[in-house]
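Colleague: Below you will find the structure I want to go over with you.
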Amino acid sequence: MTDSLQTGYVPVEGAELYFEVTGSGPAMVLVHAGIADLRMWDDQVTALADRYTVIRYDLRGFGRTRVQPGRYSNRQDLADVLDHLNIDRAVIVGCSVGGMIALDFVLERPERATALIWVCSEVGGVVPPDEIFDPREIALFEQSEAAEEAGDAELAASLDVRIWVDGPLQPEGRAPELVRSRVREMSLAHYAAAAEGLEPQRLDPPAAGRLGELRIPVLAVVGELDPAETAHAADVLATRAPDVRVIRYPDAAHLPNMEHPERFTRDVLAFVDALPRR
């Protein structure tokens with residue numbers, strides 16, 4: 001790899017996955033959230049690329065990736081990206097939906113990962129108890145679901161920002177306006193594209209019963225202003241997996257890397273720089 005930006009498409013079954021690569025050194029893959037696309041990592045790439053080969057790509061139905069309807073595996077897509085770039089192993093970083101993909105990937109293909117950074121995500125197969133949710137959270141989730149079902153992209157994107165960027169129990173507009181506007185743009189683009197007929201295949205058996213299989217270091221990042229399910233999932237991960245470090249951001253919701261980019265980048269670098277070189 002070189003320090004120059006490499007872009008392109010990975011041909012996979014039923015899609016062409018858009019990717020970007022920059023930097024040099026050990027590989028690190030960044031997998032974006034479901035309210036964003038690969039641009040959510042813009043504030044991290046330059047600093048990380050000073051020491052690492054940084055790969056990011058758009059999932060199916062997001063950004064510049066081109067898709068056809070059908071069944072597919074996000075885990076296979078990630079493996080195909082690595083194979084296309086001739087990368088055997090990498091640090092896998094994922095936020096939200098990307099964190100679930102990353103966790104499932106390292107469980108299914110442990111030989112491909114050197115470490116996992118799980119950011120404000122979930123653990124497949126874990127159902128949070130109803131009592132952890134505030135009625136205000138539930139009401140916002142219901143509004144969001146109704147907006148999506150009605151095909152109201154503008155409202156759905158605005159609610160994504162309200163729930164996931166500000167935090168469901170925080171005042172609307174709490175997060176920096178630049179972050180709010182960037183996420184709204186990415187979310188709106190996703191709804192406007194409206195990729196239909198995509199059927200992602202879940203890991204079976206799910207991650208919840210397999211966390212003891214993890215044999216790599218895990219960094220779990222939690223935004224304490226996020227919906228309650230994130231902190232619950234992080235607790236499950238930390239309890240059941242053998243080597244997990246948890247960092248909590250009391251002043252961030254679902255996208256701590258965008259709200260506090262310098263702090264997040266420092267935390268990631270401190271974690272990965274301490275990994276044994278293989």
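Here's how to read the names in the structure tokens: chain A, B, ... by the order shown, residue numbers from 1 in each chain, ligand numbers from 1 in the order shown.
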Any chance you could tabulate, as a tab-separated table, the residues of stretch 1-46 of chain A at most 9 Å from stretch 50-59 of chain A with each one's nearest atom pair and distance in Å to one decimal, using only C-alpha atoms, in chain and rising number order?

Modeller:
```
residue	atom	partner	partner_atom	distance
A:Met1	CA	A:Thr53	CA	6.9
A:Thr2	CA	A:Thr53	CA	8.3
A:Asp3	CA	A:Asp50	CA	8.2
A:Leu17	CA	A:Asp58	CA	6.3
A:Tyr18	CA	A:Tyr57	CA	5.5
A:Phe19	CA	A:Tyr57	CA	4.0
A:Glu20	CA	A:Arg56	CA	5.5
A:Val21	CA	A:Ile55	CA	4.6
A:Thr22	CA	A:Val54	CA	5.4
A:Gly23	CA	A:Thr53	CA	4.5
A:Ser24	CA	A:Thr53	CA	4.3
A:Gly25	CA	A:Tyr52	CA	4.4
A:Pro26	CA	A:Tyr52	CA	5.1
A:Ala27	CA	A:Thr53	CA	4.6
A:Met28	CA	A:Val54	CA	5.0
A:Val29	CA	A:Ile55	CA	4.7
A:Leu30	CA	A:Arg56	CA	4.9
A:Val31	CA	A:Arg56	CA	6.3
A:His32	CA	A:Asp58	CA	7.4
A:Gly34	CA	A:Leu59	CA	8.8
A:Asp37	CA	A:Asp58	CA	5.7
A:Leu38	CA	A:Asp58	CA	5.5
A:Arg39	CA	A:Arg56	CA	8.9
A:Trp41	CA	A:Arg56	CA	8.2
A:Val45	CA	A:Val54	CA	6.8
A:Thr46	CA	A:Asp50	CA	6.7
```

Colleague: To one decimal place, how far is atom CA of A:Ala253 from atom CA of A:Leu169 in Å?

Modeller: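 Computed distance, atom CA of A:Ala253 to atom CA of A:Leu169, equals 10.2 Å.
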
Colleague: A:His260: which residues within 12 Å, counting only C-alpha atoms, same-chain residues fewer than 6 positions away excluded, as a VMD selection string?

Modeller: chain A and resid 41 43 to 44 175 to 176 179 223 249 to 254 266 to 267

Colleague: Give me, as a PyMOL selection string, the residues of stretch 62-256 of chain A that a backbone DSSP run labels strand (DSSP E or B).

Modeller: chain A and resi 66-67+70-72+90-95+113-119+198-200+218-223+244-249

Colleague: Taking only C-alpha atoms into account, which of A:Val119, A:Leu211, A:Val127, A:Ala146 comes nearest A:Gly94?

Modeller: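 Distance minimum relative to A:Gly94 lands on A:Val119.
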
Colleague: Using only C-alpha atoms, find the one residue out of A:Met186, A:Ala156, A:Ala228, A:Ala33 that sits nearest to A:Glu131.

Modeller: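 Distance minimum relative to A:Glu131 lands on A:Ala228.
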
Colleague: Near A:Ala208, counting only C-alpha atoms, which residues have an atom at most 12 Å away, once you skip same-chain residues fewer than 5 positions from it, shown as an MDAnalysis selection string?

Modeller: chainID A and resid 100 103:104 107 122:128 203 213:214 233:241

Colleague: In Å, how far is it from atom CA of A:Gly167 to atom CA of A:Pro129?

Modeller: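 So the two atoms, atom CA of A:Gly167 and atom CA of A:Pro129, lie 19.3 Å apart.
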
Colleague: Could you check how far atom CA of A:Thr230 sits from atom CA of A:Arg71, in Å to one decimal?

Modeller: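 Taking atom CA of A:Thr230 as the start and atom CA of A:Arg71 as the end point, the length is 27.3 Å.
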
Colleague: Looking at only C-alpha atoms, which of A:Ala231, A:Ala113, A:Ile87, A:Ala195 is the one that sits closest to A:Phe133?

Modeller: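 Residue with the minimum atom-to-atom distance to A:Phe133: A:Ala231.
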
Colleague: Taking only C-alpha atoms into account, name the residue in A:Glu149, A:Asp166, A:Asp83, A:Glu142 that is nearest to A:Asp226.

Modeller: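 Selected residue with least distance to A:Asp226: A:Asp166.
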